[in-house]
Structures are given as structure tokens and as C-alpha cells.
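**Q** Okay, so here is protein.cif, and as you'll see once you scroll down, it has mmCIF, N, CA and C atoms.
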data_entry
#
loop_
_atom_site.label_atom_id
_atom_site.label_comp_id
_atom_site.auth_asym_id
_atom_site.auth_seq_id
_atom_site.Cartn_x
_atom_site.Cartn_y
_atom_site.Cartn_z
N MET Q 155 4.59 6.99 59.89
CA MET Q 155 3.85 7.05 58.64
C MET Q 155 4.81 7.49 57.52
N LYS Q 156 4.93 6.71 56.49
CA LYS Q 156 5.90 6.96 55.43
C LYS Q 156 5.67 8.27 54.71
N ASN Q 157 4.44 8.60 54.37
CA ASN Q 157 4.16 9.81 53.60
C ASN Q 157 4.57 11.07 54.34
N SER Q 158 4.29 11.16 55.64
CA SER Q 158 4.66 12.36 56.38
C SER Q 158 6.17 12.48 56.51
N GLN Q 159 6.88 11.37 56.67
CA GLN Q 159 8.34 11.41 56.71
C GLN Q 159 8.88 11.87 55.36
N THR Q 160 8.29 11.39 54.28
CA THR Q 160 8.74 11.77 52.95
C THR Q 160 8.54 13.25 52.72
N ILE Q 161 7.37 13.78 53.03
CA ILE Q 161 7.10 15.20 52.79
C ILE Q 161 7.95 16.07 53.71
N ASP Q 162 8.24 15.62 54.91
CA ASP Q 162 9.07 16.39 55.83
C ASP Q 162 10.50 16.53 55.34
N THR Q 163 10.96 15.63 54.50
CA THR Q 163 12.33 15.69 53.99
C THR Q 163 12.44 16.48 52.70
N VAL Q 164 11.35 17.08 52.25
CA VAL Q 164 11.36 17.88 51.03
C VAL Q 164 11.59 19.34 51.40
N GLU Q 165 12.57 19.96 50.75
CA GLU Q 165 12.91 21.36 50.99
C GLU Q 165 12.41 22.22 49.83
N ILE Q 166 11.70 23.30 50.15
CA ILE Q 166 11.25 24.25 49.13
C ILE Q 166 12.28 25.38 49.09
N ARG Q 167 12.79 25.66 47.88
CA ARG Q 167 13.78 26.72 47.68
C ARG Q 167 13.27 27.74 46.69
N GLU Q 168 13.72 28.97 46.85
CA GLU Q 168 13.39 30.04 45.91
C GLU Q 168 14.62 30.36 45.07
N GLY Q 169 14.42 30.50 43.76
CA GLY Q 169 15.51 30.88 42.87
C GLY Q 169 15.98 29.75 41.98
N LEU Q 170 17.05 30.03 41.26
CA LEU Q 170 17.56 29.10 40.25
C LEU Q 170 18.71 28.22 40.75
N GLU Q 171 19.13 28.40 41.99
CA GLU Q 171 20.26 27.64 42.51
C GLU Q 171 20.01 26.13 42.41
N GLY Q 172 20.98 25.44 41.82
CA GLY Q 172 20.87 23.99 41.69
C GLY Q 172 20.13 23.53 40.45
N LEU Q 173 19.42 24.44 39.80
CA LEU Q 173 18.66 24.08 38.60
C LEU Q 173 19.55 24.07 37.37
N THR Q 174 19.22 23.20 36.44
CA THR Q 174 19.83 23.21 35.12
C THR Q 174 18.71 22.96 34.12
N PRO Q 175 18.91 23.36 32.88
CA PRO Q 175 17.89 23.04 31.87
C PRO Q 175 17.63 21.54 31.77
N GLN Q 176 18.65 20.73 31.97
CA GLN Q 176 18.48 19.28 31.89
C GLN Q 176 17.57 18.76 32.99
N LEU Q 177 17.74 19.26 34.22
CA LEU Q 177 16.87 18.84 35.32
C LEU Q 177 15.42 19.26 35.07
N ILE Q 178 15.24 20.47 34.58
CA ILE Q 178 13.89 20.96 34.28
C ILE Q 178 13.26 20.10 33.19
N ARG Q 179 14.01 19.85 32.13
CA ARG Q 179 13.51 19.05 30.99
C ARG Q 179 13.05 17.67 31.47
N ILE Q 180 13.85 17.01 32.28
CA ILE Q 180 13.50 15.67 32.78
C ILE Q 180 12.22 15.73 33.59
N LEU Q 181 12.12 16.71 34.50
CA LEU Q 181 10.92 16.83 35.33
C LEU Q 181 9.69 17.11 34.48
N TYR Q 182 9.79 18.03 33.55
CA TYR Q 182 8.64 18.37 32.71
C TYR Q 182 8.16 17.17 31.90
N ARG Q 183 9.08 16.40 31.38
CA ARG Q 183 8.70 15.23 30.58
C ARG Q 183 8.10 14.13 31.44
N ARG Q 184 8.61 13.95 32.65
CA ARG Q 184 8.12 12.89 33.52
C ARG Q 184 6.81 13.25 34.19
N ALA Q 185 6.55 14.53 34.44
CA ALA Q 185 5.39 14.95 35.24
C ALA Q 185 4.03 14.50 34.67
N PRO Q 186 3.65 14.49 33.45
CA PRO Q 186 4.20 15.26 32.33
C PRO Q 186 3.61 16.67 32.30
N LEU Q 187 4.43 17.60 31.96
CA LEU Q 187 4.00 18.98 31.79
C LEU Q 187 4.33 19.36 30.34
N HIS Q 188 3.32 19.64 29.58
CA HIS Q 188 3.48 19.87 28.15
C HIS Q 188 3.95 21.29 27.89
N ARG Q 189 5.27 21.46 27.91
CA ARG Q 189 5.89 22.75 27.64
C ARG Q 189 7.02 22.55 26.65
N PRO Q 190 7.42 23.62 25.96
CA PRO Q 190 8.51 23.50 24.99
C PRO Q 190 9.85 23.28 25.70
N VAL Q 191 10.41 22.09 25.55
CA VAL Q 191 11.65 21.79 26.25
C VAL Q 191 12.79 21.36 25.32
N SER Q 192 12.56 21.41 24.02
CA SER Q 192 13.60 20.93 23.11
C SER Q 192 14.78 21.90 23.01
N SER Q 193 14.56 23.19 23.14
CA SER Q 193 15.63 24.18 23.07
C SER Q 193 16.12 24.51 24.48
N THR Q 194 17.36 24.15 24.76
CA THR Q 194 17.95 24.43 26.07
C THR Q 194 17.95 25.93 26.36
N GLU Q 195 18.31 26.73 25.36
CA GLU Q 195 18.38 28.18 25.56
C GLU Q 195 17.01 28.77 25.88
N ARG Q 196 16.01 28.34 25.14
CA ARG Q 196 14.65 28.85 25.36
C ARG Q 196 14.12 28.41 26.73
N LEU Q 197 14.35 27.17 27.07
CA LEU Q 197 13.89 26.64 28.35
C LEU Q 197 14.53 27.42 29.50
N TRP Q 198 15.85 27.64 29.44
CA TRP Q 198 16.52 28.36 30.51
C TRP Q 198 16.05 29.81 30.58
N ALA Q 199 15.81 30.44 29.42
CA ALA Q 199 15.33 31.82 29.40
C ALA Q 199 13.97 31.94 30.08
N MET Q 200 13.11 30.91 29.93
CA MET Q 200 11.80 30.92 30.60
C MET Q 200 11.99 31.09 32.11
N PHE Q 201 13.01 30.46 32.64
CA PHE Q 201 13.24 30.51 34.08
C PHE Q 201 14.00 31.76 34.51
N GLU Q 202 14.96 32.19 33.72
CA GLU Q 202 15.69 33.41 34.05
C GLU Q 202 14.78 34.64 34.05
N ARG Q 203 13.78 34.63 33.20
CA ARG Q 203 12.88 35.79 33.08
C ARG Q 203 11.66 35.70 33.99
N ALA Q 204 11.52 34.62 34.70
CA ALA Q 204 10.37 34.45 35.60
C ALA Q 204 10.50 35.40 36.79
N SER Q 205 9.36 35.82 37.32
CA SER Q 205 9.33 36.66 38.52
C SER Q 205 9.67 35.85 39.77
N LEU Q 206 9.26 34.58 39.76
CA LEU Q 206 9.45 33.72 40.92
C LEU Q 206 9.63 32.28 40.44
N VAL Q 207 10.65 31.63 40.95
CA VAL Q 207 10.86 30.20 40.71
C VAL Q 207 10.99 29.53 42.07
N LEU Q 208 10.15 28.54 42.31
CA LEU Q 208 10.22 27.74 43.53
C LEU Q 208 10.50 26.31 43.14
N THR Q 209 11.39 25.67 43.87
CA THR Q 209 11.72 24.28 43.59
C THR Q 209 11.56 23.45 44.85
N ALA Q 210 11.25 22.17 44.66
CA ALA Q 210 11.14 21.23 45.76
C ALA Q 210 12.24 20.18 45.58
N TRP Q 211 13.00 19.96 46.62
CA TRP Q 211 14.14 19.05 46.58
C TRP Q 211 14.02 18.01 47.67
N LYS Q 212 14.28 16.79 47.30
CA LYS Q 212 14.40 15.69 48.27
C LYS Q 212 15.87 15.28 48.22
N GLY Q 213 16.63 15.78 49.17
CA GLY Q 213 18.08 15.64 49.10
C GLY Q 213 18.58 16.49 47.94
N ASN Q 214 19.34 15.88 47.04
CA ASN Q 214 19.82 16.61 45.87
C ASN Q 214 18.99 16.33 44.61
N ARG Q 215 17.81 15.75 44.79
CA ARG Q 215 16.93 15.39 43.68
C ARG Q 215 15.81 16.42 43.55
N LEU Q 216 15.68 17.00 42.35
CA LEU Q 216 14.58 17.91 42.06
C LEU Q 216 13.30 17.09 41.92
N VAL Q 217 12.30 17.38 42.77
CA VAL Q 217 11.05 16.63 42.72
C VAL Q 217 9.84 17.50 42.39
N GLY Q 218 10.02 18.82 42.34
CA GLY Q 218 8.90 19.70 42.01
C GLY Q 218 9.38 21.08 41.65
N ILE Q 219 8.52 21.80 40.91
CA ILE Q 219 8.89 23.14 40.47
C ILE Q 219 7.63 23.97 40.23
N ALA Q 220 7.75 25.26 40.49
CA ALA Q 220 6.69 26.23 40.18
C ALA Q 220 7.36 27.46 39.58
N ARG Q 221 6.80 27.97 38.47
CA ARG Q 221 7.34 29.15 37.80
C ARG Q 221 6.21 30.17 37.66
N VAL Q 222 6.47 31.42 38.10
CA VAL Q 222 5.45 32.46 38.18
C VAL Q 222 5.90 33.73 37.47
N LEU Q 223 4.97 34.36 36.77
CA LEU Q 223 5.13 35.73 36.26
C LEU Q 223 4.11 36.57 37.02
N THR Q 224 4.53 37.74 37.51
CA THR Q 224 3.61 38.58 38.26
C THR Q 224 3.96 40.05 38.14
N ASP Q 225 2.94 40.90 38.25
CA ASP Q 225 3.19 42.33 38.35
C ASP Q 225 3.30 42.72 39.83
N GLY Q 226 2.98 41.79 40.73
CA GLY Q 226 3.10 42.02 42.16
C GLY Q 226 2.00 42.88 42.75
N VAL Q 227 1.07 43.31 41.92
CA VAL Q 227 0.02 44.21 42.38
C VAL Q 227 -1.37 43.62 42.14
N MET Q 228 -1.62 43.25 40.91
CA MET Q 228 -2.95 42.79 40.56
C MET Q 228 -3.00 41.31 40.15
N TYR Q 229 -2.07 40.89 39.28
CA TYR Q 229 -2.15 39.54 38.73
C TYR Q 229 -0.85 38.77 38.89
N SER Q 230 -0.99 37.49 39.13
CA SER Q 230 0.11 36.55 39.12
C SER Q 230 -0.31 35.38 38.26
N TYR Q 231 0.62 34.89 37.47
CA TYR Q 231 0.35 33.81 36.54
C TYR Q 231 1.28 32.65 36.87
N LEU Q 232 0.71 31.59 37.40
CA LEU Q 232 1.47 30.39 37.71
C LEU Q 232 1.58 29.60 36.41
N CYS Q 233 2.68 29.82 35.71
CA CYS Q 233 2.88 29.23 34.39
C CYS Q 233 3.03 27.71 34.47
N ASP Q 234 3.80 27.26 35.44
CA ASP Q 234 4.13 25.84 35.53
C ASP Q 234 4.10 25.38 36.98
N LEU Q 235 3.50 24.21 37.17
CA LEU Q 235 3.54 23.52 38.46
C LEU Q 235 3.70 22.04 38.12
N ALA Q 236 4.84 21.48 38.48
CA ALA Q 236 5.13 20.08 38.12
C ALA Q 236 5.73 19.36 39.31
N VAL Q 237 5.33 18.09 39.47
CA VAL Q 237 5.84 17.24 40.54
C VAL Q 237 6.18 15.88 39.93
N GLU Q 238 7.31 15.33 40.33
CA GLU Q 238 7.72 14.00 39.86
C GLU Q 238 6.61 12.99 40.14
N PRO Q 239 6.31 12.11 39.18
CA PRO Q 239 5.22 11.15 39.35
C PRO Q 239 5.34 10.25 40.58
N ASP Q 240 6.55 9.82 40.93
CA ASP Q 240 6.68 8.88 42.05
C ASP Q 240 6.47 9.52 43.41
N VAL Q 241 6.36 10.86 43.46
CA VAL Q 241 6.08 11.52 44.74
C VAL Q 241 4.79 12.35 44.67
N GLN Q 242 4.04 12.22 43.58
CA GLN Q 242 2.75 12.91 43.49
C GLN Q 242 1.80 12.31 44.53
N GLY Q 243 0.95 13.14 45.10
CA GLY Q 243 0.01 12.68 46.10
C GLY Q 243 0.54 12.78 47.52
N LEU Q 244 1.78 13.25 47.69
CA LEU Q 244 2.36 13.36 49.02
C LEU Q 244 2.29 14.77 49.58
N GLY Q 245 1.74 15.72 48.81
CA GLY Q 245 1.59 17.08 49.30
C GLY Q 245 2.64 18.06 48.80
N ILE Q 246 3.53 17.62 47.93
CA ILE Q 246 4.57 18.51 47.41
C ILE Q 246 3.96 19.61 46.57
N GLY Q 247 3.03 19.27 45.70
CA GLY Q 247 2.33 20.28 44.89
C GLY Q 247 1.58 21.27 45.77
N LYS Q 248 0.97 20.79 46.83
CA LYS Q 248 0.26 21.67 47.76
C LYS Q 248 1.23 22.64 48.44
N ARG Q 249 2.39 22.14 48.83
CA ARG Q 249 3.39 23.02 49.47
C ARG Q 249 3.90 24.07 48.50
N LEU Q 250 4.14 23.68 47.25
CA LEU Q 250 4.57 24.64 46.24
C LEU Q 250 3.48 25.68 46.02
N MET Q 251 2.24 25.22 45.90
CA MET Q 251 1.11 26.12 45.66
C MET Q 251 0.95 27.10 46.82
N LYS Q 252 1.06 26.63 48.05
CA LYS Q 252 0.95 27.50 49.23
C LYS Q 252 2.06 28.54 49.23
N SER Q 253 3.26 28.13 48.87
CA SER Q 253 4.38 29.06 48.82
C SER Q 253 4.17 30.11 47.73
N VAL Q 254 3.65 29.70 46.58
CA VAL Q 254 3.32 30.65 45.51
C VAL Q 254 2.29 31.65 46.03
N GLN Q 255 1.23 31.16 46.67
CA GLN Q 255 0.19 32.05 47.19
C GLN Q 255 0.76 33.03 48.21
N ASP Q 256 1.65 32.56 49.07
CA ASP Q 256 2.28 33.45 50.06
C ASP Q 256 3.10 34.54 49.37
N HIS Q 257 3.87 34.18 48.36
CA HIS Q 257 4.70 35.14 47.63
C HIS Q 257 3.86 36.12 46.82
N CYS Q 258 2.70 35.69 46.37
CA CYS Q 258 1.86 36.50 45.48
C CYS Q 258 0.63 37.04 46.19
N GLU Q 259 0.68 37.11 47.49
CA GLU Q 259 -0.45 37.58 48.29
C GLU Q 259 -0.94 38.94 47.79
N GLY Q 260 -2.25 39.08 47.70
CA GLY Q 260 -2.86 40.33 47.25
C GLY Q 260 -3.11 40.40 45.76
N THR Q 261 -2.65 39.39 45.03
CA THR Q 261 -2.89 39.36 43.59
C THR Q 261 -3.87 38.23 43.25
N GLU Q 262 -4.49 38.34 42.10
CA GLU Q 262 -5.32 37.25 41.60
C GLU Q 262 -4.38 36.26 40.93
N LEU Q 263 -4.39 35.02 41.38
CA LEU Q 263 -3.50 34.00 40.87
C LEU Q 263 -4.20 33.20 39.78
N VAL Q 264 -3.60 33.17 38.60
CA VAL Q 264 -4.12 32.43 37.45
C VAL Q 264 -3.17 31.27 37.18
N LEU Q 265 -3.72 30.09 36.95
CA LEU Q 265 -2.93 28.89 36.70
C LEU Q 265 -3.27 28.32 35.34
N ARG Q 266 -2.24 28.07 34.55
CA ARG Q 266 -2.43 27.36 33.28
C ARG Q 266 -2.20 25.89 33.58
N SER Q 267 -3.16 25.06 33.21
CA SER Q 267 -3.07 23.66 33.59
C SER Q 267 -3.53 22.76 32.45
N THR Q 268 -2.85 21.61 32.34
CA THR Q 268 -3.29 20.60 31.39
C THR Q 268 -4.17 19.56 32.07
N LEU Q 269 -4.07 19.45 33.38
CA LEU Q 269 -4.88 18.51 34.15
C LEU Q 269 -5.59 19.27 35.26
N GLY Q 270 -6.84 18.94 35.52
CA GLY Q 270 -7.58 19.67 36.53
C GLY Q 270 -7.80 18.96 37.84
N ARG Q 271 -7.42 17.71 37.95
CA ARG Q 271 -7.81 16.96 39.15
C ARG Q 271 -7.15 17.49 40.41
N PHE Q 272 -5.87 17.83 40.41
CA PHE Q 272 -5.21 18.38 41.60
C PHE Q 272 -5.81 19.72 41.96
N HIS Q 273 -6.02 20.55 40.98
CA HIS Q 273 -6.39 21.93 41.21
C HIS Q 273 -7.80 22.09 41.77
N LYS Q 274 -8.69 21.19 41.44
CA LYS Q 274 -10.05 21.27 41.99
C LYS Q 274 -10.02 21.12 43.51
N HIS Q 275 -9.07 20.38 44.02
CA HIS Q 275 -8.96 20.18 45.46
C HIS Q 275 -8.29 21.35 46.17
N GLU Q 276 -7.70 22.25 45.43
CA GLU Q 276 -6.97 23.36 46.02
C GLU Q 276 -7.78 24.65 46.05
N GLY Q 277 -9.08 24.56 45.77
CA GLY Q 277 -9.92 25.74 45.83
C GLY Q 277 -9.90 26.57 44.57
N LEU Q 278 -9.26 26.08 43.54
CA LEU Q 278 -9.24 26.80 42.27
C LEU Q 278 -10.51 26.49 41.50
N LYS Q 279 -10.94 27.44 40.69
CA LYS Q 279 -12.13 27.20 39.88
C LYS Q 279 -11.84 27.62 38.45
N ALA Q 280 -12.46 26.93 37.53
CA ALA Q 280 -12.32 27.26 36.12
C ALA Q 280 -13.06 28.57 35.86
N VAL Q 281 -12.53 29.38 34.97
CA VAL Q 281 -13.18 30.64 34.60
C VAL Q 281 -13.45 30.65 33.11
N ASP Q 282 -14.46 31.42 32.72
CA ASP Q 282 -14.85 31.45 31.32
C ASP Q 282 -14.23 32.61 30.54
N ASP Q 283 -13.63 33.56 31.21
CA ASP Q 283 -13.19 34.77 30.53
C ASP Q 283 -11.69 34.78 30.21
N VAL Q 284 -11.18 33.65 29.77
CA VAL Q 284 -9.77 33.55 29.41
C VAL Q 284 -9.66 33.19 27.93
N TRP Q 285 -8.82 33.90 27.24
CA TRP Q 285 -8.57 33.67 25.83
C TRP Q 285 -7.07 33.57 25.63
N ALA Q 286 -6.64 32.79 24.69
CA ALA Q 286 -5.21 32.65 24.43
C ALA Q 286 -4.96 32.56 22.94
N VAL Q 287 -3.81 33.05 22.53
CA VAL Q 287 -3.39 32.95 21.15
C VAL Q 287 -1.89 32.66 21.16
N LYS Q 288 -1.48 31.73 20.33
CA LYS Q 288 -0.05 31.43 20.20
C LYS Q 288 0.52 32.39 19.17
N THR Q 289 1.60 33.05 19.49
CA THR Q 289 2.14 34.11 18.62
C THR Q 289 3.41 33.67 17.92
N GLY Q 290 3.41 32.52 17.38
CA GLY Q 290 4.62 32.14 16.63
C GLY Q 290 4.89 30.68 16.63
#
Please express what this file holds, its structure, as C-alpha cells.

**A**
Amino acid sequence: MKNSQTIDTVEIREGLEGLTPQLIRILYRRAPLHRPVSSTERLWAMFERASLVLTAWKGNRLVGIARVLTDGVMYSYLCDLAVEPDVQGLGIGKRLMKSVQDHCEGTELVLRSTLGRFHKHEGLKAVDDVWAVKTG
């Protein structure tokens, strides 16, 4: 079965090794994940300051990413979850999500999302008590 062979060859890694702002920018634009990617310095700082960065690699190709901020006690915020379009639907997002949940066990995990179709299948539910303000 092609899909299981494909997902079996995907490696999940923790940290920034192998990442560059250019690889992140390409993935975010292709996924598409609507995040500020025009400034290389700002984009890289988002990842350097993250509590947890998980990446999915198929060989030397970045095919998925998850970026988390957490206090490690009460709340974890999954800021970004992106998967390359040509491998979406193969379970890479699910593997990243499971790895995030394992790393953030015991905290309430909050996900910011532009699309809800994947997340409804992962047991996530929309909540009414979230407010946001852009500060600049």
C-alpha cells in the first residue's frame, strides 16, 4: 500500500536542526499557513523562541512542521501546524499532533487554525472563550 510506505519513511525530529527560514517560508506558503514570512529575521526568531519545534522529513525534504509555546504546566499553544500539500492526507499531521500531545501531556492544548477540517477529526473542538488582539 503506497500511503503506508510513504508515512513509514517520514521521520519526526525535535529541534531546529536542518531548518532554515527559507525552508519554513516555502512550507508555510505552500501549505498554506497564513503567517508573517516576509522578514527572515522575524520568522527565524519565531522558531528560536518556541518551546517546542517538531519537524517531519521525508529524506532530506521538509514535509511538515509544528511550533509550540508552553508553560509546561497548564497551557500549551500549538501556534503552527503545516504539512506540504502533496503529502496531506497521509497521516503526517496526525503524527505531528500526537507528538505535540505527548510532549505537552498534562496541559490544555490550544490550536490556532485557519482551516478546521483536519482538526475536527482529531478530537479538537471549537471554544467560545478565546479573544485575540493584534499588538502592532

**Q** Take the PyMOL selection byres ((chain Q and resi 235) around 7), run it mentally on this structure, and tell me the resulting residues as number ranges by chain.

**A** Q: 218-221, 232-234, 236-237, 266

**Q** Would you kindly return, as an MDAnalysis selection string, each protein, DNA or RNA residue with an atom no farther than 12 Å from any atom of Ala185 (chain Q), considering only C-alpha atoms and excluding same-chain residues fewer than 3 positions away?

**A** chainID Q and resid 178:182 188:189 216:219 234:242 247 268:269

**Q** In terms of the shortest atom-to-atom distance over all atoms listed in the file, which of Q:Glu168, Q:Leu206, Q:Arg249, Q:Arg183 is closest to Thr224 (chain Q)?

**A**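 Looking at the shortest contact to Thr224 (chain Q), the residue is Q:Leu206.
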
**Q** Tell me, in Å to one decimal, how far atom C of Val191 (chain Q) is from atom C of Leu177 (chain Q).

**A**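 Distance between the two atoms: 10.3 Å.
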
**Q** Identify which of the residues Q:Tyr231, Q:Gly245, Q:Thr163, Q:Thr209 lies closest to Glu262 (chain Q), counting only C-alpha atoms when measuring atom-to-atom distances.

**A**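 Nearest to Glu262 (chain Q): Q:Tyr231.
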
**Q** I need the helix (DSSP H, G or I) residues of region 160-266 of chain Q per DSSP on the backbone, written as a ChimeraX atom specification.

**A** /Q:160-162,175-184,194-202,239-241,246-257

**Q** Which one is closest to Leu250 (chain Q): Q:Ile161, Q:Leu187, Q:Met200, Q:Leu208? Count all atoms listed in the file.

**A** Q:Leu208

**Q** Just give me the gap between atom N of Gly213 (chain Q) and CA of Ser192 (chain Q) in Å, one decimal is fine.

**A** 26.7 Å

**Q** In Å, with one decimal, what is the gap from CA of Arg184 (chain Q) to atom C of Ala210 (chain Q)?

**A** 14.7 Å

**Q** Select from region 168-284 of chain Q everything DSSP, run on the backbone, classes as strand (DSSP E), then give the selection as a PDB file with N, CA and C atoms, in the coordinates of the input.

**A**
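Contents of the output file part.pdb:
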ATOM      1  N   GLU Q 168      13.720  28.970  46.850  1.00  0.00           N
ATOM      2  CA  GLU Q 168      13.390  30.040  45.910  1.00  0.00           C
ATOM      3  C   GLU Q 168      14.620  30.360  45.070  1.00  0.00           C
ATOM      4  N   LEU Q 206       9.260  34.580  39.760  1.00  0.00           N
ATOM      5  CA  LEU Q 206       9.450  33.720  40.920  1.00  0.00           C
ATOM      6  C   LEU Q 206       9.630  32.280  40.440  1.00  0.00           C
ATOM      7  N   VAL Q 207      10.650  31.630  40.950  1.00  0.00           N
ATOM      8  CA  VAL Q 207      10.860  30.200  40.710  1.00  0.00           C
ATOM      9  C   VAL Q 207      10.990  29.530  42.070  1.00  0.00           C
ATOM     10  N   LEU Q 208      10.150  28.540  42.310  1.00  0.00           N
ATOM     11  CA  LEU Q 208      10.220  27.740  43.530  1.00  0.00           C
ATOM     12  C   LEU Q 208      10.500  26.310  43.140  1.00  0.00           C
ATOM     13  N   THR Q 209      11.390  25.670  43.870  1.00  0.00           N
ATOM     14  CA  THR Q 209      11.720  24.280  43.590  1.00  0.00           C
ATOM     15  C   THR Q 209      11.560  23.450  44.850  1.00  0.00           C
ATOM     16  N   ALA Q 210      11.250  22.170  44.660  1.00  0.00           N
ATOM     17  CA  ALA Q 210      11.140  21.230  45.760  1.00  0.00           C
ATOM     18  C   ALA Q 210      12.240  20.180  45.580  1.00  0.00           C
ATOM     19  N   TRP Q 211      13.000  19.960  46.620  1.00  0.00           N
ATOM     20  CA  TRP Q 211      14.140  19.050  46.580  1.00  0.00           C
ATOM     21  C   TRP Q 211      14.020  18.010  47.670  1.00  0.00           C
ATOM     22  N   LYS Q 212      14.280  16.790  47.300  1.00  0.00           N
ATOM     23  CA  LYS Q 212      14.400  15.690  48.270  1.00  0.00           C
ATOM     24  C   LYS Q 212      15.870  15.280  48.220  1.00  0.00           C
ATOM     25  N   ARG Q 215      17.810  15.750  44.790  1.00  0.00           N
ATOM     26  CA  ARG Q 215      16.930  15.390  43.680  1.00  0.00           C
ATOM     27  C   ARG Q 215      15.810  16.420  43.550  1.00  0.00           C
ATOM     28  N   LEU Q 216      15.680  17.000  42.350  1.00  0.00           N
ATOM     29  CA  LEU Q 216      14.580  17.910  42.060  1.00  0.00           C
ATOM     30  C   LEU Q 216      13.300  17.090  41.920  1.00  0.00           C
ATOM     31  N   VAL Q 217      12.300  17.380  42.770  1.00  0.00           N
ATOM     32  CA  VAL Q 217      11.050  16.630  42.720  1.00  0.00           C
ATOM     33  C   VAL Q 217       9.840  17.500  42.390  1.00  0.00           C
ATOM     34  N   GLY Q 218      10.020  18.820  42.340  1.00  0.00           N
ATOM     35  CA  GLY Q 218       8.900  19.700  42.010  1.00  0.00           C
ATOM     36  C   GLY Q 218       9.380  21.080  41.650  1.00  0.00           C
ATOM     37  N   ILE Q 219       8.520  21.800  40.910  1.00  0.00           N
ATOM     38  CA  ILE Q 219       8.890  23.140  40.470  1.00  0.00           C
ATOM     39  C   ILE Q 219       7.630  23.970  40.230  1.00  0.00           C
ATOM     40  N   ALA Q 220       7.750  25.260  40.490  1.00  0.00           N
ATOM     41  CA  ALA Q 220       6.690  26.230  40.180  1.00  0.00           C
ATOM     42  C   ALA Q 220       7.360  27.460  39.580  1.00  0.00           C
ATOM     43  N   ARG Q 221       6.800  27.970  38.470  1.00  0.00           N
ATOM     44  CA  ARG Q 221       7.340  29.150  37.800  1.00  0.00           C
ATOM     45  C   ARG Q 221       6.210  30.170  37.660  1.00  0.00           C
ATOM     46  N   VAL Q 222       6.470  31.420  38.100  1.00  0.00           N
ATOM     47  CA  VAL Q 222       5.450  32.460  38.180  1.00  0.00           C
ATOM     48  C   VAL Q 222       5.900  33.730  37.470  1.00  0.00           C
ATOM     49  N   LEU Q 223       4.970  34.360  36.770  1.00  0.00           N
ATOM     50  CA  LEU Q 223       5.130  35.730  36.260  1.00  0.00           C
ATOM     51  C   LEU Q 223       4.110  36.570  37.020  1.00  0.00           C
ATOM     52  N   THR Q 224       4.530  37.740  37.510  1.00  0.00           N
ATOM     53  CA  THR Q 224       3.610  38.580  38.260  1.00  0.00           C
ATOM     54  C   THR Q 224       3.960  40.050  38.140  1.00  0.00           C
ATOM     55  N   TYR Q 229      -2.070  40.890  39.280  1.00  0.00           N
ATOM     56  CA  TYR Q 229      -2.150  39.540  38.730  1.00  0.00           C
ATOM     57  C   TYR Q 229      -0.850  38.770  38.890  1.00  0.00           C
ATOM     58  N   SER Q 230      -0.990  37.490  39.130  1.00  0.00           N
ATOM     59  CA  SER Q 230       0.110  36.550  39.120  1.00  0.00           C
ATOM     60  C   SER Q 230      -0.310  35.380  38.260  1.00  0.00           C
ATOM     61  N   TYR Q 231       0.620  34.890  37.470  1.00  0.00           N
ATOM     62  CA  TYR Q 231       0.350  33.810  36.540  1.00  0.00           C
ATOM     63  C   TYR Q 231       1.280  32.650  36.870  1.00  0.00           C
ATOM     64  N   LEU Q 232       0.710  31.590  37.400  1.00  0.00           N
ATOM     65  CA  LEU Q 232       1.470  30.390  37.710  1.00  0.00           C
ATOM     66  C   LEU Q 232       1.580  29.600  36.410  1.00  0.00           C
ATOM     67  N   CYS Q 233       2.680  29.820  35.710  1.00  0.00           N
ATOM     68  CA  CYS Q 233       2.880  29.230  34.390  1.00  0.00           C
ATOM     69  C   CYS Q 233       3.030  27.710  34.470  1.00  0.00           C
ATOM     70  N   ASP Q 234       3.800  27.260  35.440  1.00  0.00           N
ATOM     71  CA  ASP Q 234       4.130  25.840  35.530  1.00  0.00           C
ATOM     72  C   ASP Q 234       4.100  25.380  36.980  1.00  0.00           C
ATOM     73  N   LEU Q 235       3.500  24.210  37.170  1.00  0.00           N
ATOM     74  CA  LEU Q 235       3.540  23.520  38.460  1.00  0.00           C
ATOM     75  C   LEU Q 235       3.700  22.040  38.120  1.00  0.00           C
ATOM     76  N   ALA Q 236       4.840  21.480  38.480  1.00  0.00           N
ATOM     77  CA  ALA Q 236       5.130  20.080  38.120  1.00  0.00           C
ATOM     78  C   ALA Q 236       5.730  19.360  39.310  1.00  0.00           C
ATOM     79  N   VAL Q 237       5.330  18.090  39.470  1.00  0.00           N
ATOM     80  CA  VAL Q 237       5.840  17.240  40.540  1.00  0.00           C
ATOM     81  C   VAL Q 237       6.180  15.880  39.930  1.00  0.00           C
ATOM     82  N   GLU Q 262      -4.490  38.340  42.100  1.00  0.00           N
ATOM     83  CA  GLU Q 262      -5.320  37.250  41.600  1.00  0.00           C
ATOM     84  C   GLU Q 262      -4.380  36.260  40.930  1.00  0.00           C
ATOM     85  N   LEU Q 263      -4.390  35.020  41.380  1.00  0.00           N
ATOM     86  CA  LEU Q 263      -3.500  34.000  40.870  1.00  0.00           C
ATOM     87  C   LEU Q 263      -4.200  33.200  39.780  1.00  0.00           C
ATOM     88  N   VAL Q 264      -3.600  33.170  38.600  1.00  0.00           N
ATOM     89  CA  VAL Q 264      -4.120  32.430  37.450  1.00  0.00           C
ATOM     90  C   VAL Q 264      -3.170  31.270  37.180  1.00  0.00           C
ATOM     91  N   LEU Q 265      -3.720  30.090  36.950  1.00  0.00           N
ATOM     92  CA  LEU Q 265      -2.930  28.890  36.700  1.00  0.00           C
ATOM     93  C   LEU Q 265      -3.270  28.320  35.340  1.00  0.00           C
TER      94      LEU Q 265
END

**Q** Name the closest residue to Thr174 (chain Q) among the candidates Q:Lys248, Q:Asp256, Q:Leu197, Q:Leu263; distances are taken between atoms, counting only N, CA and C atoms.

**A**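 The closest residue to Thr174 (chain Q) is Q:Leu197.
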
**Q** Of the candidates Q:Val264, Q:Gln176, Q:Gln255, Q:Val207, which one gets nearest to Tyr229 (chain Q) if we count all atoms listed in the file?

**A**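 Using all atoms listed in the file, Tyr229 (chain Q) sits closest to Q:Val264.
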
**Q** Compare Q:Gly243, Q:Ser193, Q:Val254, Q:Gly260 by their minimum atom-to-atom distance to Gly226 (chain Q), counting all atoms listed in the file, and give me the closest one.

**A** Q:Gly260
